[in-house]
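Next comes final_0.csv, a file with CSV, C-alpha atoms and all ligand atoms.
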chain,number,residue,atom,x,y,z
A,7,MET,CA,-61.6,8.2,135.1
A,8,ASP,CA,-63.0,11.7,135.8
A,9,ARG,CA,-66.4,10.3,134.7
A,10,VAL,CA,-66.6,8.3,137.9
A,11,LEU,CA,-65.2,10.6,140.5
A,12,GLY,CA,-66.1,14.0,139.2
A,13,GLN,CA,-64.0,16.7,140.8
A,14,SER,CA,-62.9,14.7,143.8
A,15,ALA,CA,-59.8,15.6,145.7
A,16,ALA,CA,-58.2,12.3,144.7
A,17,LEU,CA,-58.6,12.9,141.0
A,18,ARG,CA,-57.3,16.4,141.3
A,19,ALA,CA,-54.2,15.1,143.1
A,20,LEU,CA,-53.6,12.6,140.3
A,21,ARG,CA,-54.2,15.1,137.6
A,22,SER,CA,-51.7,17.5,139.0
A,23,GLN,CA,-49.1,14.7,139.3
A,24,LEU,CA,-49.6,14.0,135.6
A,25,ALA,CA,-49.7,17.7,134.5
A,26,THR,CA,-46.5,18.5,136.4
A,27,GLY,CA,-44.7,15.3,135.4
A,28,ARG,CA,-44.0,14.6,139.0
A,29,VAL,CA,-45.7,11.2,139.5
A,30,HIS,CA,-44.7,9.6,142.8
A,31,HIS,CA,-43.2,6.2,142.3
A,32,ALA,CA,-45.3,4.7,145.2
A,33,GLN,CA,-48.8,5.7,146.2
A,34,ILE,CA,-51.5,4.5,148.5
A,35,PHE,CA,-55.1,4.9,147.3
A,36,HIS,CA,-57.1,4.6,150.5
A,37,GLY,CA,-60.7,5.2,151.4
A,38,PRO,CA,-64.0,3.3,151.8
A,39,ALA,CA,-64.7,0.1,149.8
A,40,GLY,CA,-66.5,0.6,146.5
A,41,VAL,CA,-65.7,4.2,145.7
A,42,GLY,CA,-63.6,3.6,142.7
A,43,LYS,CA,-60.1,3.3,144.1
A,44,PHE,CA,-59.2,0.3,142.0
A,45,THR,CA,-60.9,1.6,138.9
A,46,THR,CA,-59.0,4.8,139.2
A,47,ALA,CA,-55.7,2.9,139.7
A,48,LEU,CA,-56.3,1.1,136.5
A,49,ALA,CA,-57.1,4.3,134.6
A,50,PHE,CA,-54.0,5.9,136.1
A,51,ALA,CA,-51.9,3.0,135.0
A,52,ARG,CA,-53.4,3.3,131.5
A,53,GLN,CA,-52.1,6.9,131.4
A,54,LEU,CA,-48.7,6.1,132.8
A,55,LEU,CA,-48.2,3.3,130.2
A,56,CYS,CA,-49.6,5.2,127.2
A,57,HIS,CA,-47.0,5.8,124.5
A,58,ASP,CA,-48.6,9.0,123.4
A,59,PRO,CA,-50.7,10.7,126.1
A,60,VAL,CA,-52.8,13.6,124.9
A,61,THR,CA,-53.1,16.9,126.8
A,62,ASP,CA,-56.3,19.0,126.6
A,63,LEU,CA,-56.7,22.8,126.7
A,64,HIS,CA,-56.9,22.7,130.5
A,65,GLY,CA,-53.6,20.9,130.7
A,66,ASN,CA,-55.3,17.6,131.7
A,67,GLN,CA,-53.6,14.5,130.4
A,68,SER,CA,-55.3,11.3,129.2
A,69,ALA,CA,-54.3,8.1,127.5
A,70,CYS,CA,-54.5,8.3,123.7
A,71,GLY,CA,-56.7,5.2,123.4
A,72,ALA,CA,-54.9,4.2,120.1
A,73,CYS,CA,-51.3,3.2,120.9
A,74,GLY,CA,-50.2,-0.4,121.3
A,75,SER,CA,-50.4,-0.1,125.1
A,76,CYS,CA,-53.9,1.5,125.1
A,77,LYS,CA,-55.1,-1.3,122.8
A,78,LEU,CA,-53.8,-4.0,125.1
A,79,LEU,CA,-55.4,-2.4,128.1
A,80,ARG,CA,-58.8,-2.1,126.5
A,81,GLN,CA,-59.6,-5.6,127.5
A,82,THR,CA,-59.3,-4.6,131.2
A,83,ASP,CA,-62.4,-2.4,130.7
A,84,ASP,CA,-64.8,-5.0,131.8
A,85,ALA,CA,-62.4,-7.0,133.9
A,86,GLU,CA,-64.0,-5.9,137.2
A,87,GLU,CA,-67.3,-7.4,136.1
A,88,SER,CA,-65.6,-10.6,135.0
A,89,ASP,CA,-65.5,-13.8,137.0
A,90,ASP,CA,-61.9,-14.3,135.9
A,91,ARG,CA,-60.9,-10.8,136.9
A,92,THR,CA,-57.4,-11.8,138.1
A,93,ALA,CA,-56.6,-13.8,135.0
A,94,VAL,CA,-57.8,-10.9,132.7
A,95,LEU,CA,-55.9,-8.2,134.6
A,96,SER,CA,-52.7,-10.1,135.0
A,97,SER,CA,-52.4,-11.1,131.4
A,98,ALA,CA,-53.6,-8.0,129.6
A,99,HIS,CA,-50.4,-6.0,129.3
A,100,PRO,CA,-46.7,-7.1,129.9
A,101,ASP,CA,-46.0,-4.0,132.0
A,102,LEU,CA,-49.2,-3.9,134.1
A,103,HIS,CA,-48.9,-6.2,137.1
A,104,VAL,CA,-52.1,-6.5,139.1
A,105,ILE,CA,-51.6,-8.3,142.4
A,106,THR,CA,-54.6,-9.8,144.1
A,107,LYS,CA,-55.1,-12.4,146.7
A,108,GLU,CA,-56.4,-14.7,143.9
A,109,LEU,CA,-53.0,-14.8,142.3
A,110,ALA,CA,-52.1,-17.5,145.0
A,111,LEU,CA,-54.4,-19.8,142.9
A,112,PHE,CA,-51.9,-19.6,140.1
A,113,SER,CA,-48.9,-20.4,142.3
A,114,ASP,CA,-46.5,-23.3,141.4
A,115,ASP,CA,-46.6,-24.2,145.1
A,116,ALA,CA,-49.5,-26.6,145.8
A,117,GLN,CA,-49.7,-25.5,149.4
A,118,GLU,CA,-50.3,-21.9,148.3
A,119,ARG,CA,-52.9,-22.9,145.7
A,120,GLY,CA,-54.9,-24.7,148.4
A,121,ARG,CA,-54.9,-21.8,150.9
A,122,LYS,CA,-58.0,-20.0,151.8
A,123,LEU,CA,-58.0,-16.6,150.1
A,124,THR,CA,-57.8,-14.4,153.2
A,125,SER,CA,-54.4,-12.9,152.7
A,126,ILE,CA,-51.8,-12.1,150.0
A,127,PRO,CA,-48.9,-14.6,150.6
A,128,VAL,CA,-45.4,-13.3,150.6
A,129,GLY,CA,-44.6,-15.7,147.8
A,130,VAL,CA,-47.1,-13.9,145.5
A,131,ILE,CA,-45.4,-10.6,146.3
A,132,ARG,CA,-41.9,-12.0,145.5
A,133,GLU,CA,-43.0,-13.7,142.3
A,134,HIS,CA,-45.3,-11.0,140.9
A,135,LEU,CA,-43.9,-7.8,142.3
A,136,VAL,CA,-40.4,-7.8,143.7
A,137,GLY,CA,-39.0,-10.0,140.8
A,138,PRO,CA,-40.6,-8.2,137.8
A,139,ALA,CA,-40.0,-4.8,139.4
A,140,SER,CA,-36.2,-5.2,138.9
A,141,LEU,CA,-36.5,-6.0,135.2
A,142,ALA,CA,-36.7,-3.5,132.3
A,143,PRO,CA,-40.2,-2.7,131.0
A,144,ALA,CA,-41.2,-5.0,128.1
A,145,MET,CA,-42.7,-2.1,126.0
A,146,GLY,CA,-40.3,0.6,127.0
A,147,HIS,CA,-42.8,2.9,128.7
A,148,GLY,CA,-42.5,2.1,132.3
A,149,LYS,CA,-44.2,-0.5,134.5
A,150,VAL,CA,-47.1,-0.3,136.9
A,151,PHE,CA,-47.8,-2.6,139.8
A,152,ILE,CA,-51.2,-2.4,141.5
A,153,VAL,CA,-51.8,-4.3,144.7
A,154,ASP,CA,-55.5,-4.6,145.4
A,155,GLU,CA,-56.6,-5.1,149.0
A,156,ALA,CA,-53.1,-4.3,150.2
A,157,GLU,CA,-54.2,-4.6,153.8
A,158,LEU,CA,-54.2,-8.4,153.2
A,159,LEU,CA,-50.4,-8.3,153.2
A,160,ASN,CA,-49.0,-9.5,156.5
A,161,ALA,CA,-45.9,-7.9,158.0
A,162,THR,CA,-43.6,-10.3,156.1
A,163,GLY,CA,-45.3,-9.5,152.8
A,164,GLN,CA,-45.1,-5.7,153.5
A,165,ASN,CA,-41.4,-6.0,154.5
A,166,ALA,CA,-40.7,-7.8,151.2
A,167,LEU,CA,-41.9,-4.6,149.5
A,168,LEU,CA,-39.6,-2.2,151.3
A,169,LYS,CA,-36.6,-2.6,149.1
A,170,THR,CA,-38.7,-2.0,145.9
A,171,LEU,CA,-40.1,1.1,147.6
A,172,GLU,CA,-36.7,2.4,148.7
A,173,GLU,CA,-34.7,1.8,145.5
A,174,PRO,CA,-37.3,2.0,142.8
A,175,THR,CA,-36.2,1.1,139.2
A,176,PRO,CA,-36.8,4.3,137.1
A,177,GLY,CA,-40.2,4.2,135.4
A,178,THR,CA,-41.6,1.8,137.9
A,179,TYR,CA,-44.8,2.8,139.7
A,180,LEU,CA,-46.5,1.0,142.6
A,181,ILE,CA,-50.1,1.7,143.7
A,182,LEU,CA,-51.3,0.1,146.9
A,183,VAL,CA,-55.1,0.1,147.0
A,184,THR,CA,-56.7,-0.4,150.4
A,185,SER,CA,-59.8,0.3,152.5
A,186,SER,CA,-57.9,-0.3,155.8
A,187,GLU,CA,-54.9,1.9,155.5
A,188,HIS,CA,-54.2,1.5,159.2
A,189,ARG,CA,-53.1,-2.1,158.6
A,190,LEU,CA,-50.2,-1.0,156.5
A,191,LEU,CA,-46.9,-0.7,158.4
A,192,PRO,CA,-45.7,2.9,159.2
A,193,THR,CA,-42.5,2.1,157.2
A,194,ILE,CA,-44.7,1.5,154.1
A,195,ARG,CA,-46.9,4.5,154.6
A,196,SER,CA,-44.1,6.9,155.1
A,197,ARG,CA,-42.5,5.9,151.8
A,198,CYS,CA,-45.7,6.4,149.8
A,199,GLN,CA,-47.7,9.3,148.6
A,200,ARG,CA,-51.2,8.9,150.1
A,201,VAL,CA,-54.3,9.7,148.0
A,202,ALA,CA,-57.5,9.8,149.9
A,203,TYR,CA,-60.9,8.8,148.5
A,204,GLY,CA,-64.2,9.9,150.0
A,205,VAL,CA,-67.7,8.4,149.7
A,206,LEU,CA,-69.4,9.1,146.4
A,207,GLU,CA,-72.5,11.3,146.3
A,208,ASP,CA,-75.7,9.8,144.9
A,209,LYS,CA,-75.4,11.9,141.8
A,210,ASP,CA,-72.0,10.3,141.1
A,211,VAL,CA,-73.5,6.8,141.5
A,212,ALA,CA,-76.4,7.7,139.3
A,213,ARG,CA,-74.1,9.0,136.6
A,214,TRP,CA,-71.9,5.9,136.8
A,215,LEU,CA,-75.0,3.7,136.4
A,216,GLY,CA,-76.1,5.8,133.4
A,217,GLU,CA,-72.7,5.2,131.8
A,218,HIS,CA,-72.3,1.5,132.6
A,219,HIS,CA,-75.8,0.2,132.9
A,220,GLY,CA,-77.7,2.5,130.6
A,221,GLY,CA,-80.6,0.0,130.1
A,222,LEU,CA,-82.0,0.4,133.6
A,223,ASP,CA,-85.4,2.1,133.9
A,224,GLU,CA,-85.7,5.2,136.0
A,225,GLN,CA,-87.3,3.5,139.0
A,226,THR,CA,-84.7,0.8,139.2
A,227,ARG,CA,-81.9,3.2,138.8
A,228,LYS,CA,-83.2,5.3,141.7
A,229,TRP,CA,-83.5,2.1,143.8
A,230,VAL,CA,-80.0,1.0,143.0
A,231,VAL,CA,-78.6,4.5,144.0
A,232,GLY,CA,-80.3,4.2,147.4
A,233,PHE,CA,-79.1,0.7,147.9
A,234,ALA,CA,-75.5,1.7,146.9
A,235,GLN,CA,-75.0,4.2,149.7
A,236,GLY,CA,-72.2,5.8,147.8
A,237,SER,CA,-70.5,2.6,146.8
A,238,LEU,CA,-70.0,1.6,143.1
A,239,GLY,CA,-69.3,-2.0,144.3
A,240,ARG,CA,-72.7,-2.2,145.9
A,241,ALA,CA,-74.3,-0.6,142.9
A,242,SER,CA,-72.7,-3.1,140.6
A,243,LEU,CA,-73.8,-6.0,142.7
A,244,ALA,CA,-77.3,-4.7,142.8
A,245,VAL,CA,-77.5,-4.6,139.0
A,246,ARG,CA,-75.7,-7.9,138.4
A,247,PHE,CA,-77.8,-9.9,140.9
A,248,ASN,CA,-81.0,-8.0,140.3
A,249,LEU,CA,-81.3,-7.0,144.0
A,250,VAL,CA,-84.1,-4.6,143.2
A,251,GLU,CA,-86.2,-7.7,143.9
A,252,TRP,CA,-85.1,-7.5,147.5
A,253,GLY,CA,-87.0,-4.2,147.6
A,254,THR,CA,-90.2,-5.8,146.6
A,255,ALA,CA,-89.7,-8.9,148.7
A,256,VAL,CA,-88.5,-7.3,151.9
A,257,LEU,CA,-88.8,-3.5,152.0
A,258,SER,CA,-92.3,-3.4,150.7
A,259,PRO,CA,-93.7,-5.6,153.5
A,260,ILE,CA,-91.7,-3.6,156.0
A,261,GLN,CA,-93.2,-0.4,154.6
A,262,ARG,CA,-96.8,-1.9,154.7
A,263,LEU,CA,-96.2,-3.1,158.3
A,264,SER,CA,-95.1,0.4,159.4
A,265,LYS,CA,-98.2,1.9,157.8
A,266,THR,CA,-100.9,-0.5,158.8
A,267,GLY,CA,-99.5,-2.3,161.8
A,268,ARG,CA,-100.9,-5.5,160.3
A,269,PRO,CA,-98.5,-8.5,160.5
A,270,GLU,CA,-96.6,-9.6,157.4
A,271,PRO,CA,-96.3,-13.3,158.2
A,272,ASP,CA,-93.9,-14.1,155.3
A,273,LEU,CA,-91.3,-11.4,156.1
A,274,GLY,CA,-88.7,-13.6,157.8
A,275,ALA,CA,-89.0,-16.3,155.1
A,276,SER,CA,-88.7,-13.7,152.4
A,277,ILE,CA,-85.5,-12.4,154.0
A,278,GLY,CA,-84.1,-15.9,154.1
A,279,GLU,CA,-85.0,-16.7,150.5
A,280,CYS,CA,-83.4,-13.5,149.2
A,281,VAL,CA,-80.2,-14.1,151.1
A,282,ASP,CA,-80.1,-17.7,150.0
A,283,GLY,CA,-80.9,-16.8,146.4
A,284,PHE,CA,-78.1,-14.3,146.2
A,285,ALA,CA,-75.6,-16.6,147.9
A,286,ALA,CA,-76.4,-19.4,145.4
A,287,ALA,CA,-76.1,-17.1,142.4
A,288,TRP,CA,-72.8,-15.8,143.7
A,289,VAL,CA,-71.4,-19.3,144.2
A,290,GLY,CA,-72.6,-20.2,140.7
A,291,ALA,CA,-70.8,-17.3,139.2
A,292,HIS,CA,-67.5,-17.6,141.1
A,293,LYS,CA,-65.6,-20.9,140.8
A,294,ASN,CA,-63.7,-20.6,144.1
A,295,ALA,CA,-66.3,-19.1,146.3
A,296,SER,CA,-67.5,-20.8,149.4
A,297,LYS,CA,-71.3,-21.0,150.1
A,298,GLU,CA,-70.7,-20.0,153.7
A,299,ALA,CA,-68.8,-16.9,152.8
A,300,ALA,CA,-71.4,-16.0,150.2
A,301,ASN,CA,-74.2,-16.5,152.8
A,302,ARG,CA,-72.5,-14.1,155.1
A,303,ARG,CA,-71.9,-11.6,152.4
A,304,ALA,CA,-75.6,-11.8,151.3
A,305,ALA,CA,-76.8,-11.5,154.9
A,306,ALA,CA,-74.6,-8.5,155.5
A,307,LEU,CA,-76.0,-6.8,152.4
A,308,MET,CA,-79.5,-7.6,153.5
A,309,GLY,CA,-78.8,-6.2,157.0
A,310,SER,CA,-77.4,-3.0,155.6
A,311,MET,CA,-80.3,-2.5,153.2
A,312,ILE,CA,-82.8,-2.8,156.0
A,313,SER,CA,-81.0,-0.5,158.4
A,314,ASN,CA,-80.3,2.0,155.7
A,315,TYR,CA,-84.1,2.0,154.9
A,316,ALA,CA,-84.8,2.7,158.6
A,317,ARG,CA,-82.2,5.5,158.7
A,318,ARG,CA,-83.8,7.1,155.7
A,319,ARG,CA,-87.2,7.0,157.3
A,320,ILE,CA,-85.7,8.5,160.5
A,321,ALA,CA,-84.1,11.3,158.4
A,322,GLU,CA,-87.4,12.0,156.6
A,323,MET,CA,-89.2,12.3,160.0
A,324,ALA,CA,-86.5,14.4,161.5
A,325,GLU,CA,-87.0,16.8,158.6
A,326,GLY,CA,-90.7,17.1,159.1
A,327,CYS,CA,-90.4,17.3,162.9
A,328,ASP,CA,-92.6,19.8,164.7
A,329,PRO,CA,-90.4,21.9,167.0
A,330,GLU,CA,-93.4,22.6,169.3
A,331,THR,CA,-93.8,18.9,170.2
A,332,PRO,CA,-90.4,17.3,169.9
A,333,GLY,CA,-91.7,14.5,172.2
A,334,ASP,CA,-94.1,13.2,169.6
A,335,SER,CA,-91.4,13.1,167.0
A,336,GLU,CA,-89.1,11.1,169.3
A,337,ALA,CA,-91.9,8.6,169.9
A,338,ALA,CA,-92.3,8.2,166.1
A,339,LEU,CA,-88.6,7.5,165.6
A,340,GLU,CA,-88.6,4.8,168.3
A,341,PRO,CA,-89.8,1.9,166.1
A,342,TRP,CA,-87.2,2.6,163.4
A,343,LEU,CA,-84.5,2.7,166.0
A,344,GLY,CA,-85.8,-0.7,167.0
A,345,VAL,CA,-85.4,-1.9,163.4
A,346,ILE,CA,-81.8,-0.7,163.4
A,347,ALA,CA,-81.2,-2.5,166.7
A,348,ALA,CA,-82.8,-5.7,165.3
A,349,VAL,CA,-80.3,-5.6,162.4
A,350,ASP,CA,-77.4,-5.1,164.8
A,351,THR,CA,-78.5,-8.3,166.7
A,352,PHE,CA,-78.8,-10.1,163.3
A,353,GLU,CA,-75.3,-9.1,162.4
A,354,GLY,CA,-73.9,-10.2,165.7
A,355,GLN,CA,-75.6,-13.6,165.2
A,356,LEU,CA,-74.0,-14.0,161.8
A,357,ASN,CA,-70.6,-13.9,163.3
A,358,SER,CA,-71.4,-16.7,165.8
A,359,ASN,CA,-72.4,-19.5,163.4
A,360,VAL,CA,-76.1,-19.5,164.2
A,361,ASN,CA,-78.2,-21.2,161.5
A,362,LEU,CA,-78.7,-18.6,158.8
A,363,LYS,CA,-82.3,-19.5,158.1
A,364,LEU,CA,-83.1,-19.1,161.8
A,365,CYS,CA,-81.3,-15.7,161.9
A,366,CYS,CA,-83.4,-14.5,159.0
A,367,GLU,CA,-86.6,-15.7,160.7
A,368,GLY,CA,-85.4,-14.0,163.9
A,369,LEU,CA,-84.8,-10.7,162.0
A,370,GLY,CA,-88.3,-10.8,160.5
A,371,MET,CA,-89.8,-11.3,164.0
A,372,ALA,CA,-87.7,-8.6,165.5
A,373,VAL,CA,-88.7,-6.1,162.8
A,374,HIS,CA,-92.3,-7.0,163.5
A,375,GLY,CA,-91.8,-6.4,167.2
A,376,ALA,CA,-90.3,-3.0,166.6
A,377,LEU,CA,-92.8,-1.8,164.1
A,378,MET,CA,-96.1,-3.3,165.3
A,379,GLY,CA,-96.5,-0.4,167.7
A,380,VAL,CA,-96.3,2.2,165.0
A,381,ALA,CA,-99.8,2.2,163.6
A,382,ALA,CA,-101.4,-0.1,166.2
A,383,PRO,CA,-104.6,1.5,167.7
B,1,ZN,ZN,-52.0,5.3,124.3
Is it possible to express this structure as C-alpha cells?
Amino acid sequence: MDRVLGQSAALRALRSQLATGRVHHAQIFHGPAGVGKFTTALAFARQLLCHDPVTDLHGNQSACGACGSCKLLRQTDDAEESDDRTAVLSSAHPDLHVITKELALFSDDAQERGRKLTSIPVGVIREHLVGPASLAPAMGHGKVFIVDEAELLNATGQNALLKTLEEPTPGTYLILVTSSEHRLLPTIRSRCQRVAYGVLEDKDVARWLGEHHGGLDEQTRKWVVGFAQGSLGRASLAVRFNLVEWGTAVLSPIQRLSKTGRPEPDLGASIGECVDGFAAAWVGAHKNASKEAANRRAAALMGSMISNYARRRIAEMAEGCDPETPGDSEAALEPWLGVIAAVDTFEGQLNSNVNLKLCCEGLGMAVHGALMGVAAP
C-alpha cells in the first residue's frame, strides 16, 4: 500500500499501529474521494488477516503473500476495476466482509433489492456486519469489516453499529471509509480511531499510473495526471474510458479560441458528444447504472475538466505576472474567470433537470462569450 500513498501521514499511522501491535478495533478512514482510502483499507485488511506477516529491517510489517489468507485475497487486487466489485469483494475471503450499498441487491428482501442505491440499508448492516461480527473467524486469524461510503448509513444504520463498536469480539476490526465524515454520528466518531487522508500529489498519481497502467505513453500519462487532480478514482476513470479524447475534442478548441479569438462553432456539440459517449459507455459497463445518473456524472467530470484547465491557465499567468503593471494581468485573467463562472452555471443547470444537450450547448456558448474578448482586435 505504500506504493500508492508514499510517506503520507495516514500510512505512517497505520504502520505504527502494526509495528506496535496496537491496532484499534474500529477506525474511520476519512478524506477526499479517490485518494486511496478504500485501497488502503483492503491492503490493511490483508495484513491483519495474514497468517504469517513479515517484518522488514525498518520494523515495517507486510502481508506474506503466500499463506492461505493472502492467496484468497489476491483476487481482490483488480476488484476495484471490476464491474462486479461487490460480488468479488464479498466472496473473496470468509473473514473479510466488505459492505457496500450494492449489497442491497443481494438481499433476500425484494423491497430492498428494488431500492435505488443511495443509502446502505440497516438490513444490510445487520445481515453482513452485526451478525457475522459476533461469530468466530473462519480461518482463525481475525475478521475485518470494511464499510465503504459509510456516510450512506442513516442514523438507524449507524446506531445498529454501536453495540459492535462498544463490545467488539476479540480479533474483529472495523474500518469505516468515508469522504463525508461529518455525516457520521458523534457517538460513532468518538468510538473510532480516525485516520486522515489528504489529496495526492501529481507525482503520486504518476507513480500509481506507472504501476497500474504501464502501457500509457508519456503524453497520455501527463494528461491523465492533470485530469486526475490528485484523485486515483478520476485517473482510473480517465484511463478506462479513454477520456484523453476529451482533451482533443474540448480543451484543444478552447485553447485555440483563447489564442486566436476565432469561433469554434462545434464546441458545444463536442461537449455534448463527449458527455453522452461517456454516459453510454458507463451504462454499458455497469448493469444497474441509470443513464440519468451516468449523464450527470459525465457532465460533472466535463465541468471540472474545463474549470481545472481555466484555473491552470490563471496560475500560469499569475506566475508570469509583471508587478509593474498588475492591471494588465488582471485584465488577462478576466476571460478565464468567465470560463469558471460558465462552468458554475452549467453545474447549477445540471441539478435542475434542464435538457443535458441544451446545457452542453449553453456551456459551449458561454465559454465562447468569455474567451472571445481575449485575442480579439
Ligand atoms: Zn499471508
Please, which residues in chain A fall within 6 Å of ligand ZN 1 (chain B) when counting all atoms listed in the file, and what is the closest atom pair and distance in Å to one decimal for each, ordered by chain then residue number, as JSON lines?
{"residue": "A:Cys56", "atom": "CA", "partner": "B:ZN1", "partner_atom": "ZN", "distance": 3.8}
{"residue": "A:His57", "atom": "CA", "partner": "B:ZN1", "partner_atom": "ZN", "distance": 5.0}
{"residue": "A:Asp58", "atom": "CA", "partner": "B:ZN1", "partner_atom": "ZN", "distance": 5.1}
{"residue": "A:Pro59", "atom": "CA", "partner": "B:ZN1", "partner_atom": "ZN", "distance": 5.8}
{"residue": "A:Ala69", "atom": "CA", "partner": "B:ZN1", "partner_atom": "ZN", "distance": 4.8}
{"residue": "A:Cys70", "atom": "CA", "partner": "B:ZN1", "partner_atom": "ZN", "distance": 4.0}
{"residue": "A:Gly71", "atom": "CA", "partner": "B:ZN1", "partner_atom": "ZN", "distance": 4.8}
{"residue": "A:Ala72", "atom": "CA", "partner": "B:ZN1", "partner_atom": "ZN", "distance": 5.2}
{"residue": "A:Cys73", "atom": "CA", "partner": "B:ZN1", "partner_atom": "ZN", "distance": 4.1}
{"residue": "A:Ser75", "atom": "CA", "partner": "B:ZN1", "partner_atom": "ZN", "distance": 5.7}
{"residue": "A:Cys76", "atom": "CA", "partner": "B:ZN1", "partner_atom": "ZN", "distance": 4.3}
Taking 4 positions as the minimum chain separation for residues in the same chain, which residues sit within 10 Å of A:Gln261 when counting all atoms listed in the file? Answer as a ChimeraX atom specification.
/A:256-257,265-267,315-316,319,377
Write out as a PDB file with C-alpha atoms, in the coordinates of the input which residues come within 12 Å of A:Thr26 when counting all atoms listed in the file, dropping same-chain ones fewer than 5 positions away.
ATOM      1  CA  ALA A  19     -54.200  15.100 143.100  1.00  0.00           C
ATOM      2  CA  LEU A  20     -53.600  12.600 140.300  1.00  0.00           C
ATOM      3  CA  ARG A  21     -54.200  15.100 137.600  1.00  0.00           C
ATOM      4  CA  THR A  61     -53.100  16.900 126.800  1.00  0.00           C
ATOM      5  CA  GLY A  65     -53.600  20.900 130.700  1.00  0.00           C
ATOM      6  CA  ASN A  66     -55.300  17.600 131.700  1.00  0.00           C
ATOM      7  CA  GLN A  67     -53.600  14.500 130.400  1.00  0.00           C
TER       8      GLN A  67
END
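From atom CA of A:Ala285 back to atom CA of A:Leu263, the distance works out to 26.7 Å.
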Give me the residues within 8 Å of stretch 194-196 of chain A as a VMD selection string, counting only C-alpha atoms and dropping any in the same chain fewer than 5 places off.
chain A and resid 34 164 168 171
Using the incomplete input, complete stretch 126-145 of chain A to the level of N, CA and C atoms; output as a PDB file, in the coordinates of the input.
ATOM      1  N   ILE A 126     -52.663 -12.080 151.168  1.00  0.00           N
ATOM      2  CA  ILE A 126     -51.800 -12.100 150.000  1.00  0.00           C
ATOM      3  C   ILE A 126     -50.476 -12.727 150.446  1.00  0.00           C
ATOM      4  N   PRO A 127     -50.163 -13.962 150.053  1.00  0.00           N
ATOM      5  CA  PRO A 127     -48.900 -14.600 150.600  1.00  0.00           C
ATOM      6  C   PRO A 127     -47.695 -13.884 150.085  1.00  0.00           C
ATOM      7  N   VAL A 128     -46.662 -13.943 150.924  1.00  0.00           N
ATOM      8  CA  VAL A 128     -45.400 -13.300 150.600  1.00  0.00           C
ATOM      9  C   VAL A 128     -44.837 -13.831 149.273  1.00  0.00           C
ATOM     10  N   GLY A 129     -45.098 -15.108 149.021  1.00  0.00           N
ATOM     11  CA  GLY A 129     -44.600 -15.700 147.800  1.00  0.00           C
ATOM     12  C   GLY A 129     -45.176 -15.020 146.548  1.00  0.00           C
ATOM     13  N   VAL A 130     -46.435 -14.617 146.637  1.00  0.00           N
ATOM     14  CA  VAL A 130     -47.100 -13.900 145.500  1.00  0.00           C
ATOM     15  C   VAL A 130     -46.388 -12.560 145.295  1.00  0.00           C
ATOM     16  N   ILE A 131     -46.061 -11.873 146.393  1.00  0.00           N
ATOM     17  CA  ILE A 131     -45.400 -10.600 146.300  1.00  0.00           C
ATOM     18  C   ILE A 131     -43.999 -10.741 145.650  1.00  0.00           C
ATOM     19  N   ARG A 132     -43.274 -11.781 146.085  1.00  0.00           N
ATOM     20  CA  ARG A 132     -41.900 -12.000 145.500  1.00  0.00           C
ATOM     21  C   ARG A 132     -41.995 -12.320 144.043  1.00  0.00           C
ATOM     22  N   GLU A 133     -42.942 -13.221 143.695  1.00  0.00           N
ATOM     23  CA  GLU A 133     -43.000 -13.700 142.300  1.00  0.00           C
ATOM     24  C   GLU A 133     -43.566 -12.652 141.360  1.00  0.00           C
ATOM     25  N   HIS A 134     -44.604 -11.922 141.814  1.00  0.00           N
ATOM     26  CA  HIS A 134     -45.300 -11.000 140.900  1.00  0.00           C
ATOM     27  C   HIS A 134     -44.968  -9.563 141.038  1.00  0.00           C
ATOM     28  N   LEU A 135     -44.193  -9.208 142.081  1.00  0.00           N
ATOM     29  CA  LEU A 135     -43.900  -7.800 142.300  1.00  0.00           C
ATOM     30  C   LEU A 135     -42.360  -7.568 142.378  1.00  0.00           C
ATOM     31  N   VAL A 136     -41.765  -8.101 143.437  1.00  0.00           N
ATOM     32  CA  VAL A 136     -40.400  -7.800 143.700  1.00  0.00           C
ATOM     33  C   VAL A 136     -39.483  -8.263 142.492  1.00  0.00           C
ATOM     34  N   GLY A 137     -39.751  -9.476 141.980  1.00  0.00           N
ATOM     35  CA  GLY A 137     -39.000 -10.000 140.800  1.00  0.00           C
ATOM     36  C   GLY A 137     -39.132  -9.109 139.608  1.00  0.00           C
ATOM     37  N   PRO A 138     -40.364  -9.010 139.075  1.00  0.00           N
ATOM     38  CA  PRO A 138     -40.600  -8.200 137.800  1.00  0.00           C
ATOM     39  C   PRO A 138     -40.196  -6.751 137.996  1.00  0.00           C
ATOM     40  N   ALA A 139     -40.262  -6.194 139.231  1.00  0.00           N
ATOM     41  CA  ALA A 139     -40.000  -4.800 139.400  1.00  0.00           C
ATOM     42  C   ALA A 139     -38.524  -4.434 139.078  1.00  0.00           C
ATOM     43  N   SER A 140     -37.638  -5.442 139.172  1.00  0.00           N
ATOM     44  CA  SER A 140     -36.200  -5.200 138.900  1.00  0.00           C
ATOM     45  C   SER A 140     -35.869  -5.301 137.453  1.00  0.00           C
ATOM     46  N   LEU A 141     -36.819  -5.742 136.635  1.00  0.00           N
ATOM     47  CA  LEU A 141     -36.500  -6.000 135.200  1.00  0.00           C
ATOM     48  C   LEU A 141     -36.925  -4.718 134.385  1.00  0.00           C
ATOM     49  N   ALA A 142     -36.370  -4.607 133.186  1.00  0.00           N
ATOM     50  CA  ALA A 142     -36.700  -3.500 132.300  1.00  0.00           C
ATOM     51  C   ALA A 142     -38.136  -3.694 131.765  1.00  0.00           C
ATOM     52  N   PRO A 143     -38.852  -2.588 131.498  1.00  0.00           N
ATOM     53  CA  PRO A 143     -40.200  -2.700 131.000  1.00  0.00           C
ATOM     54  C   PRO A 143     -40.203  -3.383 129.582  1.00  0.00           C
ATOM     55  N   ALA A 144     -41.187  -4.243 129.331  1.00  0.00           N
ATOM     56  CA  ALA A 144     -41.200  -5.000 128.100  1.00  0.00           C
ATOM     57  C   ALA A 144     -41.528  -4.035 126.889  1.00  0.00           C
ATOM     58  N   MET A 145     -42.358  -3.004 127.108  1.00  0.00           N
ATOM     59  CA  MET A 145     -42.700  -2.100 126.000  1.00  0.00           C
ATOM     60  C   MET A 145     -42.015  -0.775 126.068  1.00  0.00           C
TER      61      MET A 145
END
